[in-house]
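Novice: Dropping in final37.txt, with compact mmCIF, C-alpha atoms.
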```txt
# COMPACT_ATOMS: atom_id res chain seq x y z
CA MET A 1 0.00 0.00 0.00
CA LYS A 2 1.09 3.55 -0.62
CA PRO A 3 2.00 5.72 2.37
CA PHE A 4 -0.08 8.83 3.02
CA THR A 5 0.76 11.82 0.82
CA ARG A 6 1.65 15.15 2.44
CA ASP A 7 -1.89 16.35 1.89
CA GLN A 8 -3.36 13.17 3.37
CA MET A 9 -1.15 13.53 6.46
CA ALA A 10 -2.41 17.08 6.90
CA ALA A 11 -6.01 15.91 6.44
CA ARG A 12 -5.56 13.06 8.94
CA LEU A 13 -4.26 15.50 11.54
CA ALA A 14 -6.97 18.07 10.80
CA ALA A 15 -9.65 15.46 11.53
CA ASP A 16 -8.47 15.40 15.17
CA VAL A 17 -8.61 19.20 15.74
CA PRO A 18 -11.82 20.04 17.62
CA GLU A 19 -13.85 23.21 17.35
CA GLY A 20 -12.74 26.02 19.63
CA TRP A 21 -9.00 25.37 19.73
CA CYS A 22 -6.45 28.09 19.05
CA VAL A 23 -3.88 26.48 16.76
CA ASN A 24 -0.44 27.55 15.55
CA LEU A 25 0.75 25.85 12.38
CA GLY A 26 4.43 25.62 11.45
CA ILE A 27 5.86 25.93 7.97
CA GLY A 28 5.44 23.15 5.35
CA ILE A 29 2.95 20.28 5.85
CA PRO A 30 1.64 21.89 9.09
CA THR A 31 0.42 24.92 7.10
CA MET A 32 -1.65 22.55 4.92
CA VAL A 33 -3.67 21.43 7.95
CA ALA A 34 -5.80 24.58 7.77
CA ASN A 35 -7.07 23.56 4.31
CA HIS A 36 -8.66 20.47 5.86
CA VAL A 37 -10.59 22.05 8.72
CA PRO A 38 -14.10 22.73 7.37
CA PRO A 39 -15.25 26.36 7.81
CA GLU A 40 -18.24 25.32 9.96
CA ARG A 41 -15.81 23.94 12.57
CA GLU A 42 -14.51 27.15 14.17
CA VAL A 43 -10.78 26.87 14.85
CA ILE A 44 -8.66 29.97 15.49
CA PHE A 45 -5.39 29.89 13.56
CA GLN A 46 -2.65 31.96 15.18
CA SER A 47 0.41 33.06 13.25
CA GLU A 48 3.55 33.94 15.21
CA ASN A 49 3.86 37.30 13.40
CA GLY A 50 0.83 38.53 15.29
CA VAL A 51 -2.21 37.40 13.32
CA ILE A 52 -4.88 35.76 15.46
CA GLY A 53 -7.62 34.34 13.25
CA MET A 54 -6.21 33.58 9.80
CA GLY A 55 -8.60 32.75 7.00
CA PRO A 56 -7.96 30.81 3.78
CA ALA A 57 -5.43 31.85 1.14
CA PRO A 58 -6.62 34.86 -0.90
CA ALA A 59 -8.29 34.43 -4.28
CA LYS A 60 -6.29 35.66 -7.23
CA GLY A 61 -6.54 39.44 -7.47
CA GLN A 62 -7.63 39.72 -3.82
CA GLU A 63 -4.12 39.62 -2.30
CA ASP A 64 -3.24 42.21 0.36
CA PRO A 65 0.55 42.63 0.63
CA TRP A 66 0.19 43.65 4.32
CA LEU A 67 -1.17 40.23 5.30
CA ILE A 68 1.25 37.32 5.57
CA ASN A 69 1.71 34.24 7.77
CA ALA A 70 4.81 32.83 9.46
CA GLY A 71 5.87 31.22 6.19
CA LYS A 72 5.65 34.65 4.48
CA GLN A 73 2.69 33.47 2.37
CA LEU A 74 -0.17 35.87 1.64
CA ILE A 75 -3.27 35.20 3.77
CA THR A 76 -6.74 36.52 4.51
CA LEU A 77 -8.36 37.21 7.85
CA ALA A 78 -11.22 35.22 9.36
CA LYS A 79 -14.15 37.10 10.86
CA GLY A 80 -13.14 37.93 14.42
CA ALA A 81 -9.43 38.20 13.62
CA SER A 82 -7.11 40.50 15.56
CA PHE A 83 -3.52 41.73 15.35
CA VAL A 84 -0.79 41.98 17.98
CA GLY A 85 2.93 42.66 17.82
CA HIS A 86 5.63 40.03 18.23
CA ALA A 87 6.06 40.46 21.98
CA ASP A 88 2.35 39.83 22.59
CA SER A 89 2.18 37.05 20.02
CA PHE A 90 4.94 35.16 21.79
CA ALA A 91 3.50 35.98 25.22
CA MET A 92 0.41 34.16 23.97
CA ILE A 93 2.60 31.25 22.87
CA ARG A 94 4.92 31.15 25.90
CA GLY A 95 2.05 31.74 28.29
CA GLY A 96 0.26 28.53 27.34
CA HIS A 97 -2.67 30.04 25.45
CA ILE A 98 -2.14 28.03 22.28
CA ASP A 99 -4.15 24.78 22.48
CA LEU A 100 -2.16 23.09 19.76
CA CYS A 101 1.02 23.69 17.83
CA VAL A 102 1.80 21.61 14.75
CA LEU A 103 5.44 21.44 13.65
CA GLY A 104 7.54 19.44 11.23
CA GLY A 105 10.35 17.29 12.57
CA PHE A 106 13.72 15.71 11.83
CA GLU A 107 13.36 13.23 14.71
CA VAL A 108 10.92 12.53 17.54
CA ALA A 109 12.06 10.39 20.47
CA GLU A 110 9.97 8.10 22.67
CA ASN A 111 10.53 10.49 25.62
CA GLY A 112 8.79 13.26 23.62
CA ASP A 113 11.98 15.09 22.65
CA LEU A 114 11.84 16.91 19.31
CA ALA A 115 14.70 17.76 16.95
CA ASN A 116 13.68 19.97 14.05
CA TRP A 117 16.01 22.95 13.68
CA ALA A 118 19.63 21.89 13.18
CA THR A 119 21.24 18.82 11.74
CA SER A 120 24.51 19.01 13.66
CA GLU A 121 26.11 20.81 16.58
CA ASN A 122 28.34 22.56 14.04
CA ASP A 123 25.55 23.50 11.65
CA THR A 124 26.46 26.69 9.86
CA ALA A 125 23.87 29.26 10.77
CA PRO A 126 21.00 27.04 11.91
CA ALA A 127 17.61 28.72 11.75
CA VAL A 128 15.42 28.23 14.80
CA GLY A 129 12.66 30.80 14.20
CA GLY A 130 9.82 30.32 16.67
CA ALA A 131 10.11 26.53 16.99
CA MET A 132 11.68 26.48 20.46
CA ASP A 133 9.17 28.99 21.82
CA LEU A 134 6.29 26.94 20.43
CA ALA A 135 7.72 23.64 21.67
CA ALA A 136 8.08 25.04 25.18
CA GLY A 137 4.89 27.07 25.31
CA ALA A 138 2.02 25.39 23.47
CA LYS A 139 -0.39 23.24 25.50
CA ARG A 140 0.01 20.40 22.99
CA LEU A 141 2.56 19.74 20.31
CA TRP A 142 1.78 17.45 17.40
CA VAL A 143 4.49 16.70 14.87
CA VAL A 144 3.70 15.87 11.27
CA MET A 145 6.55 14.33 9.27
CA ASP A 146 7.52 11.38 7.10
CA HIS A 147 8.16 8.20 9.07
CA THR A 148 11.68 7.88 7.64
CA THR A 149 14.20 10.07 5.83
CA LYS A 150 14.38 9.91 2.03
CA ASP A 151 17.13 7.28 2.33
CA GLY A 152 15.02 5.17 4.71
CA ARG A 153 16.50 6.11 8.10
CA PRO A 154 13.89 6.08 10.91
CA LYS A 155 12.78 9.45 12.29
CA ILE A 156 10.89 7.73 15.13
CA VAL A 157 13.73 7.05 17.56
CA GLU A 158 14.59 6.10 21.15
CA ARG A 159 16.70 9.25 21.59
CA CYS A 160 17.25 12.13 19.19
CA GLY A 161 20.65 12.36 17.53
CA TYR A 162 20.18 15.89 16.22
CA PRO A 163 20.25 18.98 18.46
CA LEU A 164 16.99 19.29 20.39
CA THR A 165 14.27 21.87 19.82
CA GLY A 166 12.49 20.97 23.04
CA LEU A 167 12.56 18.27 25.72
CA GLY A 168 9.58 15.99 26.34
CA CYS A 169 7.33 18.33 24.41
CA VAL A 170 5.73 16.13 21.71
CA ASN A 171 2.32 14.62 22.46
CA ARG A 172 1.55 12.98 19.13
CA VAL A 173 3.17 12.24 15.77
CA TYR A 174 1.37 12.01 12.42
CA THR A 175 3.56 10.27 9.85
CA ASN A 176 2.88 8.97 6.37
CA LEU A 177 2.50 5.50 7.95
CA ALA A 178 0.93 5.95 11.38
CA VAL A 179 -0.47 8.13 14.13
CA LEU A 180 1.53 7.67 17.33
CA ASP A 181 0.82 9.05 20.79
CA VAL A 182 3.80 9.82 22.98
CA VAL A 183 2.88 8.56 26.44
CA PRO A 184 5.10 9.69 29.33
CA GLY A 185 6.89 6.80 30.99
CA LYS A 186 5.93 4.44 28.18
CA GLY A 187 6.83 5.78 24.75
CA PHE A 188 5.12 5.51 21.38
CA VAL A 189 1.59 4.08 21.36
CA VAL A 190 -0.04 3.37 18.01
CA ARG A 191 -3.37 5.14 17.56
CA ASP A 192 -3.80 4.51 13.86
CA LEU A 193 -2.02 2.99 10.88
CA ALA A 194 -2.14 4.11 7.25
CA PRO A 195 -4.56 1.89 5.27
CA GLY A 196 -2.98 -1.43 4.32
CA TRP A 197 0.02 -1.13 6.68
CA SER A 198 0.57 -3.66 9.46
CA LEU A 199 2.09 -2.87 12.85
CA ALA A 200 5.04 -5.13 12.04
CA GLU A 201 5.75 -3.24 8.81
CA VAL A 202 5.63 0.15 10.52
CA GLN A 203 7.68 -1.15 13.46
CA ALA A 204 10.37 -2.23 10.98
CA LYS A 205 10.67 1.38 9.82
CA SER A 206 10.94 2.72 13.38
CA ALA A 207 13.94 2.86 15.70
CA ALA A 208 11.85 2.78 18.89
CA THR A 209 9.31 0.32 20.23
CA LEU A 210 5.75 0.92 19.09
CA HIS A 211 3.25 -0.12 21.79
CA THR A 212 -0.33 -1.03 21.02
CA ASN A 213 -1.97 0.31 24.17
CA MET B 1 4.82 72.33 20.18
CA ILE B 2 5.86 68.71 19.94
CA ASN B 3 6.80 67.86 16.39
CA LYS B 4 8.76 64.70 15.64
CA ILE B 5 8.22 64.85 11.90
CA VAL B 6 11.38 65.40 9.90
CA ALA B 7 11.45 66.37 6.23
CA THR B 8 14.04 63.97 4.84
CA VAL B 9 15.35 60.45 5.35
CA ALA B 10 18.85 61.92 5.84
CA GLU B 11 17.54 64.07 8.68
CA ALA B 12 15.81 61.03 10.18
CA LEU B 13 19.10 59.11 10.33
CA ALA B 14 21.39 61.94 11.32
CA GLY B 15 23.75 61.14 14.16
CA VAL B 16 23.67 57.33 14.05
CA LYS B 17 27.09 56.40 15.41
CA ASP B 18 29.58 53.74 14.38
CA GLY B 19 29.28 50.67 16.60
CA SER B 20 25.57 51.16 17.22
CA THR B 21 23.16 48.34 17.93
CA VAL B 22 20.33 48.83 15.43
CA LEU B 23 16.95 47.17 15.94
CA ILE B 24 15.24 46.67 12.58
CA GLY B 25 11.51 45.94 12.49
CA GLY B 26 9.57 43.88 9.99
CA PHE B 27 8.71 40.26 9.33
CA GLY B 28 9.17 39.18 5.75
CA SER B 29 8.49 42.15 3.53
CA VAL B 30 5.72 43.43 5.82
CA GLY B 31 6.47 46.23 8.26
CA GLN B 32 10.03 46.52 7.02
CA PRO B 33 11.55 50.01 7.28
CA ASP B 34 13.08 49.66 3.82
CA VAL B 35 13.56 53.36 3.15
CA LEU B 36 15.29 53.89 6.51
CA ILE B 37 17.64 50.99 5.78
CA GLU B 38 18.57 52.64 2.47
CA GLY B 39 19.03 55.83 4.45
CA LEU B 40 21.35 54.08 6.88
CA ILE B 41 23.40 52.81 3.92
CA GLU B 42 23.73 56.42 2.74
CA GLN B 43 24.36 57.75 6.24
CA GLY B 44 27.53 55.69 6.56
CA ALA B 45 27.56 54.33 10.13
CA THR B 46 29.58 51.14 10.32
CA ASN B 47 30.65 48.36 12.71
CA LEU B 48 26.96 47.90 13.46
CA THR B 49 25.15 45.16 15.35
CA ALA B 50 21.90 44.48 13.51
CA VAL B 51 18.98 42.95 15.42
CA LEU B 52 16.17 41.61 13.25
CA ASN B 53 14.25 38.41 12.56
CA ASN B 54 15.94 37.36 9.30
CA ALA B 55 19.36 38.05 7.85
CA GLY B 56 18.43 39.84 4.66
CA VAL B 57 17.16 38.81 1.26
CA GLY B 58 18.96 39.14 -2.07
CA ARG B 59 21.32 42.10 -2.33
CA VAL B 60 19.08 44.92 -1.17
CA GLY B 61 18.25 46.47 2.18
CA VAL B 62 19.92 44.78 5.15
CA ALA B 63 21.70 42.37 2.79
CA ARG B 64 23.23 45.36 0.99
CA LEU B 65 24.27 46.91 4.33
CA MET B 66 26.02 43.63 5.18
CA GLU B 67 27.59 43.31 1.74
CA LEU B 68 29.12 46.75 2.21
CA GLY B 69 30.86 45.43 5.32
CA ARG B 70 28.97 47.69 7.69
CA VAL B 71 27.52 44.99 9.94
CA ARG B 72 29.85 43.38 12.48
CA LYS B 73 27.27 41.15 14.07
CA ILE B 74 23.74 40.01 13.43
CA ILE B 75 21.31 38.89 16.12
CA CYS B 76 18.33 37.07 14.62
CA SER B 77 16.12 33.99 14.86
CA PHE B 78 16.07 32.81 11.27
CA PRO B 79 19.10 33.55 9.05
CA ARG B 80 17.36 31.93 6.10
CA SER B 81 15.22 33.46 3.41
CA SER B 82 14.32 32.88 -0.21
CA ASP B 83 17.77 34.29 -1.05
CA PRO B 84 20.19 34.60 1.89
CA VAL B 85 23.27 34.72 -0.39
CA VAL B 86 25.01 37.73 1.18
CA PHE B 87 24.71 36.56 4.77
CA GLU B 88 25.76 33.00 3.96
CA THR B 89 28.83 34.16 2.06
CA LEU B 90 29.96 36.56 4.80
CA TYR B 91 29.26 33.98 7.50
CA ARG B 92 31.21 31.26 5.69
CA GLU B 93 34.15 33.64 5.28
CA GLY B 94 34.02 34.51 8.97
CA LYS B 95 33.30 38.16 8.21
CA ILE B 96 30.13 38.44 10.27
CA GLU B 97 29.27 37.25 13.75
CA LEU B 98 25.92 35.50 14.30
CA GLU B 99 23.85 35.15 17.46
CA ILE B 100 20.83 32.91 17.01
CA VAL B 101 17.95 33.66 19.37
CA PRO B 102 14.57 31.89 19.43
CA GLN B 103 12.04 34.27 17.92
CA GLY B 104 9.90 34.72 21.03
CA THR B 105 12.97 35.12 23.22
CA LEU B 106 14.27 37.76 20.80
CA ALA B 107 10.99 39.70 21.10
CA GLU B 108 10.92 39.35 24.89
CA ARG B 109 14.57 40.38 25.33
CA ILE B 110 13.75 43.55 23.41
CA ARG B 111 10.53 44.06 25.37
CA ALA B 112 12.44 43.63 28.63
CA ALA B 113 14.88 46.35 27.59
CA GLY B 114 11.99 48.68 26.82
CA ALA B 115 10.29 47.83 30.09
CA GLY B 116 13.37 48.28 32.28
CA ILE B 117 13.83 44.61 33.11
CA PRO B 118 17.49 43.49 32.94
CA ALA B 119 16.84 39.75 32.56
CA PHE B 120 14.09 37.14 32.73
CA TYR B 121 13.62 33.38 32.77
CA THR B 122 11.95 31.40 30.00
CA ALA B 123 11.44 27.69 29.37
CA THR B 124 12.24 28.30 25.71
CA ALA B 125 15.57 26.65 24.80
CA ALA B 126 15.95 24.93 28.21
CA GLY B 127 17.99 21.75 27.69
CA THR B 128 18.98 22.73 24.13
CA LEU B 129 22.17 24.07 22.55
CA LEU B 130 20.79 27.62 22.73
CA GLY B 131 20.28 27.35 26.49
CA LYS B 132 23.58 25.62 27.23
CA ASP B 133 25.86 28.50 28.15
CA LYS B 134 23.24 30.44 30.11
CA GLU B 135 22.14 30.36 33.72
CA ASN B 136 19.60 27.57 34.14
CA ARG B 137 17.21 27.58 37.07
CA GLU B 138 14.31 25.45 38.21
CA PHE B 139 10.97 27.01 39.18
CA ASP B 140 8.10 24.79 40.33
CA GLY B 141 9.78 21.69 38.93
CA ARG B 142 10.47 23.06 35.45
CA GLN B 143 13.79 24.18 33.94
CA TYR B 144 14.18 27.76 32.73
CA VAL B 145 16.95 29.71 31.01
CA MET B 146 17.94 33.22 32.00
CA GLU B 147 17.90 35.67 29.10
CA ARG B 148 19.28 39.22 29.19
CA ALA B 149 17.49 42.31 27.94
CA LEU B 150 18.52 43.49 24.47
CA LYS B 151 18.59 47.25 24.08
CA GLY B 152 19.13 49.21 20.89
CA ASP B 153 20.98 52.45 20.33
CA VAL B 154 18.69 52.94 17.35
CA ALA B 155 15.41 51.36 16.24
CA LEU B 156 14.20 51.57 12.64
CA VAL B 157 10.49 50.84 12.38
CA GLU B 158 7.69 51.08 9.85
CA ALA B 159 4.08 52.06 10.47
CA TRP B 160 1.07 52.94 8.31
CA GLU B 161 0.17 56.26 9.93
CA ALA B 162 1.67 58.73 12.40
CA ASP B 163 0.93 62.16 13.83
CA ARG B 164 3.37 64.86 14.92
CA TRP B 165 3.58 63.40 18.44
CA GLY B 166 5.01 60.24 16.87
CA ASN B 167 1.97 58.11 17.66
CA LEU B 168 2.03 55.08 15.35
CA VAL B 169 -0.76 53.01 13.82
CA TYR B 170 0.21 49.80 12.05
CA ARG B 171 -1.51 47.99 9.21
CA GLY B 172 -2.27 44.31 8.67
CA SER B 173 0.50 42.05 9.94
CA GLY B 174 2.85 45.06 9.78
CA ALA B 175 3.12 45.50 13.55
CA ASN B 176 5.25 42.39 14.19
CA PHE B 177 8.60 43.48 15.71
CA ASN B 178 7.94 47.22 15.23
CA PRO B 179 6.08 48.16 18.44
CA VAL B 180 8.44 46.22 20.72
CA MET B 181 11.55 47.59 19.01
CA ALA B 182 10.16 51.13 19.11
CA MET B 183 10.14 50.99 22.92
CA ALA B 184 13.64 49.57 23.32
CA ALA B 185 16.04 52.05 21.69
CA GLU B 186 17.64 55.36 22.63
CA LEU B 187 16.70 56.74 19.21
CA THR B 188 13.56 55.38 17.54
CA ILE B 189 12.99 56.40 13.93
CA ALA B 190 9.75 55.58 12.10
CA GLN B 191 8.96 55.59 8.39
CA VAL B 192 5.25 55.92 7.71
CA GLN B 193 2.99 56.03 4.67
CA HIS B 194 0.70 58.74 6.00
CA ILE B 195 0.99 61.71 8.35
CA ARG B 196 -2.34 62.52 10.06
CA GLU B 197 -3.52 65.59 11.95
CA LEU B 198 -2.96 65.35 15.69
CA GLY B 199 -6.15 64.07 17.28
CA THR B 200 -7.42 62.17 14.27
CA LEU B 201 -5.82 58.79 15.03
CA HIS B 202 -8.15 56.78 17.25
CA PRO B 203 -6.50 56.39 20.68
CA HIS B 204 -7.27 52.66 20.77
CA MET B 205 -5.69 52.17 17.34
CA ILE B 206 -2.37 53.68 18.41
CA MET B 207 -0.24 50.63 19.22
CA THR B 208 2.94 52.67 19.74
CA PRO B 209 2.47 55.90 21.72
CA GLY B 210 4.72 58.69 20.50
CA VAL B 211 6.58 58.72 23.82
CA TYR B 212 8.66 55.87 22.38
CA VAL B 213 9.32 57.60 19.07
CA ASN B 214 11.91 60.30 18.33
CA ARG B 215 11.63 60.94 14.61
CA VAL B 216 9.02 60.30 11.93
CA VAL B 217 9.55 60.55 8.19
CA GLN B 218 6.91 60.06 5.52
CA VAL B 219 7.82 57.70 2.70
CA ASP B 220 5.98 56.26 -0.26
CA ARG B 221 6.13 52.51 -0.79
CA GLY B 222 3.76 52.95 -3.70
CA GLY B 223 1.75 50.40 -5.69
CA ASP B 224 -0.41 47.84 -3.90
CA TRP B 225 1.13 48.84 -0.56
CA LEU B 226 -0.86 52.08 -0.64
CA LYS B 227 -4.32 50.72 -1.43
CA PRO B 228 -6.77 51.61 1.34
CA GLU B 229 -7.25 48.96 3.99
CA GLY B 230 -9.94 46.41 3.20
CA GLU B 231 -9.71 47.16 -0.51
CA ALA B 232 -7.71 44.40 -2.10
```
Output the file's structure in the form of structure tokens.
Specialist:
Amino acid sequence: MKPFTRDQMAARLAADVPEGWCVNLGIGIPTMVANHVPPEREVIFQSENGVIGMGPAPAKGQEDPWLINAGKQLITLAKGASFVGHADSFAMIRGGHIDLCVLGGFEVAENGDLANWATSENDTAPAVGGAMDLAAGAKRLWVVMDHTTKDGRPKIVERCGYPLTGLGCVNRVYTNLAVLDVVPGKGFVVRDLAPGWSLAEVQAKSAATLHTN
Amino acid sequence: MINKIVATVAEALAGVKDGSTVLIGGFGSVGQPDVLIEGLIEQGATNLTAVLNNAGVGRVGVARLMELGRVRKIICSFPRSSDPVVFETLYREGKIELEIVPQGTLAERIRAAGAGIPAFYTATAAGTLLGKDKENREFDGRQYVMERALKGDVALVEAWEADRWGNLVYRGSGANFNPVMAMAAELTIAQVQHIRELGTLHPHMIMTPGVYVNRVVQVDRGGDWLKPEGEA
């Protein structure tokens, strides 16, 4: 069976976002999550550059150059949207007012550690952006990423090898093969598998034990 | 009479000294004081420490300032962009110093400076490389990192409207780093699209009171940037 596409991963995650949450989406696949939350389910999308209540991407000809998201893409506002500056935006993040943050990842460990900003201790000019603030501050952190690297190396690991973004911060991982909860004191627990994939097959592509309950 | 409006960009940037720490507002192309950056290039101050979110795009603006060898050090959260060629070249050649700061910590360090707080603790970066060489302290069972305030000699900011008191109103996502930087420098200089009569800006819309602002200069970004709000 084929693994989930990027869009399917975003859709799978979006299905688990309930009405009423304030959600910050990282750059890449996380940004695509918003496309899969139906408009009748009211979710407030916060962007770290001080937009609280983003709407869908603008229609052609309707772009406003003053409105962008964290990924520097043009956006619209939802009804009820508001603006703040960076200090207040990150006070909201650091202060635990964001119900969910969705980030990409290089590695997630069974203790909930996340590595997603630098690929070595000697990385030339690593770019952290707001990832560490979000990892430390959001109420929940879900990571969406491929299960393995392009050359097949597991990204679901016992301990991260890359420099950490945050310690014990990840609650759930959505990969192209599975949905895994990170349970403190236990590790990865399988919530869901991509259609046609067996636990044994997904376990073989993981470098940490996958529990079933 | 209080009047912070100056007639020219050169006047706005007069007196910026060599060795200054310059806070530069903006996030992406929005809220970026592009005309003031060009003015700083003209003005000539060198050996600068630039504090901003990114490290310049292409060969214009901050990238141009760096390419001219005028920036000794850059303090930012994300030294990547669609075209970070100038920064990457200088950094590889060891010609520019880099301090990476998580974005929220960068904003809060600047806010602390503006609010008279010398240092604070945050959980951001605790246990990571960026928290390693700092004081770590536990509060209520959680690890925190001590971060120092970051004050500017100069802040360059952009707003949509201003009055002669220097009150600033931002537009769209154009506030970003501007209000916090405006409060944290000895000399805060604002470029704005529109100058309004004193008393016509709604008090609740003024995100940066003029108390924080020293000089205002009107500029024209032109094109789509000048369309009235709400009219795409």
Novice: Using only C-alpha atoms, list the residues that have an atom at most 6 Å from (-0.9, 5.8, 15.2), coordinates as in the file, as a PyMOL selection string.
Specialist: chain A and resi 178-180+190-193
Novice: What does the structure give for the distance between CA of Ile29 in chain A and CA of Ser29 in chain B, in Å to one decimal?
Specialist: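 Straight-line distance from CA of Ile29 in chain A to CA of Ser29 in chain B works out to 22.7 Å.
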Novice: Pick from B:Glu135, B:Glu99, B:Asp18, B:Glu147: nearest to Ala112 in chain B, with all atoms listed in the file counted?
Specialist: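 Result for the nearest residue to Ala112 in chain B: B:Glu147.
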Novice: Distance cut-off 10 Å, counting all atoms listed in the file - which residues of chain A neighbour chain B? Return them as a PyMOL selection string.
Specialist: chain A and resi 47-52+58+61-73+75-77+82-94+115+118+121+124-137+163-167
Novice: Report, as lines of an AutoDock Vina configuration file, the centre and edge lengths in Å (one decimal) of the axis-aligned box enclosing every listed atom of range 61-75 of chain A, padded by 5 Å on each side.
Specialist:
```
center_x = -0.9
center_y = 37.4
center_z = 1.0
size_x = 23.5
size_y = 22.4
size_z = 26.9
```
Novice: Contacts of Asp146 in chain A at 8 Å or less, counting only C-alpha atoms, minus same-chain residues fewer than 3 places along, as an MDAnalysis selection string?
Specialist: chainID A and resid 149 155 175:177
Novice: With 8 Å as the threshold, what does the neighbourhood of (0.5, 28.7, 8.7) contain in terms of residues, counting only C-alpha atoms? Coordinates are those of the file; answer as a tab-separated table (two decimals) with C-alpha atoms, in the frame of the given file.
Specialist:
```tsv
chain	number	residue	atom	x	y	z
A	24	ASN	CA	-0.44	27.55	15.55
A	25	LEU	CA	0.75	25.85	12.38
A	26	GLY	CA	4.43	25.62	11.45
A	27	ILE	CA	5.86	25.93	7.97
A	30	PRO	CA	1.64	21.89	9.09
A	31	THR	CA	0.42	24.92	7.10
A	32	MET	CA	-1.65	22.55	4.92
A	34	ALA	CA	-5.80	24.58	7.77
A	45	PHE	CA	-5.39	29.89	13.56
A	46	GLN	CA	-2.65	31.96	15.18
A	47	SER	CA	0.41	33.06	13.25
A	69	ASN	CA	1.71	34.24	7.77
A	70	ALA	CA	4.81	32.83	9.46
A	71	GLY	CA	5.87	31.22	6.19
```
Novice: Gly80 in chain A: which residues within 10 Å, counting all atoms listed in the file, same-chain residues fewer than 6 positions away excluded, as a list of chain:residue names?
Specialist: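 The residues satisfying every condition are A:Ile44, A:Ile52, A:Gly53, A:Met54.
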Novice: My list of candidates is A:Arg172, A:Lys60, A:Lys139, A:Arg41. Which is closest to Gly105 in chain A when distances are computed with only C-alpha atoms?
Specialist: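 Using only C-alpha atoms, the shortest distance to Gly105 in chain A belongs to A:Arg172.
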Novice: Please measure the separation of CA of Ala59 in chain A and CA of Ala11 in chain A, giving the value in Å to one decimal.
Specialist: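 Calculated distance between CA of Ala59 in chain A and CA of Ala11 in chain A is 21.5 Å.
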Novice: What does the distance between CA of Val17 in chain A and CA of Leu199 in chain A come to in Å, to one decimal place?
Specialist: 24.7 Å
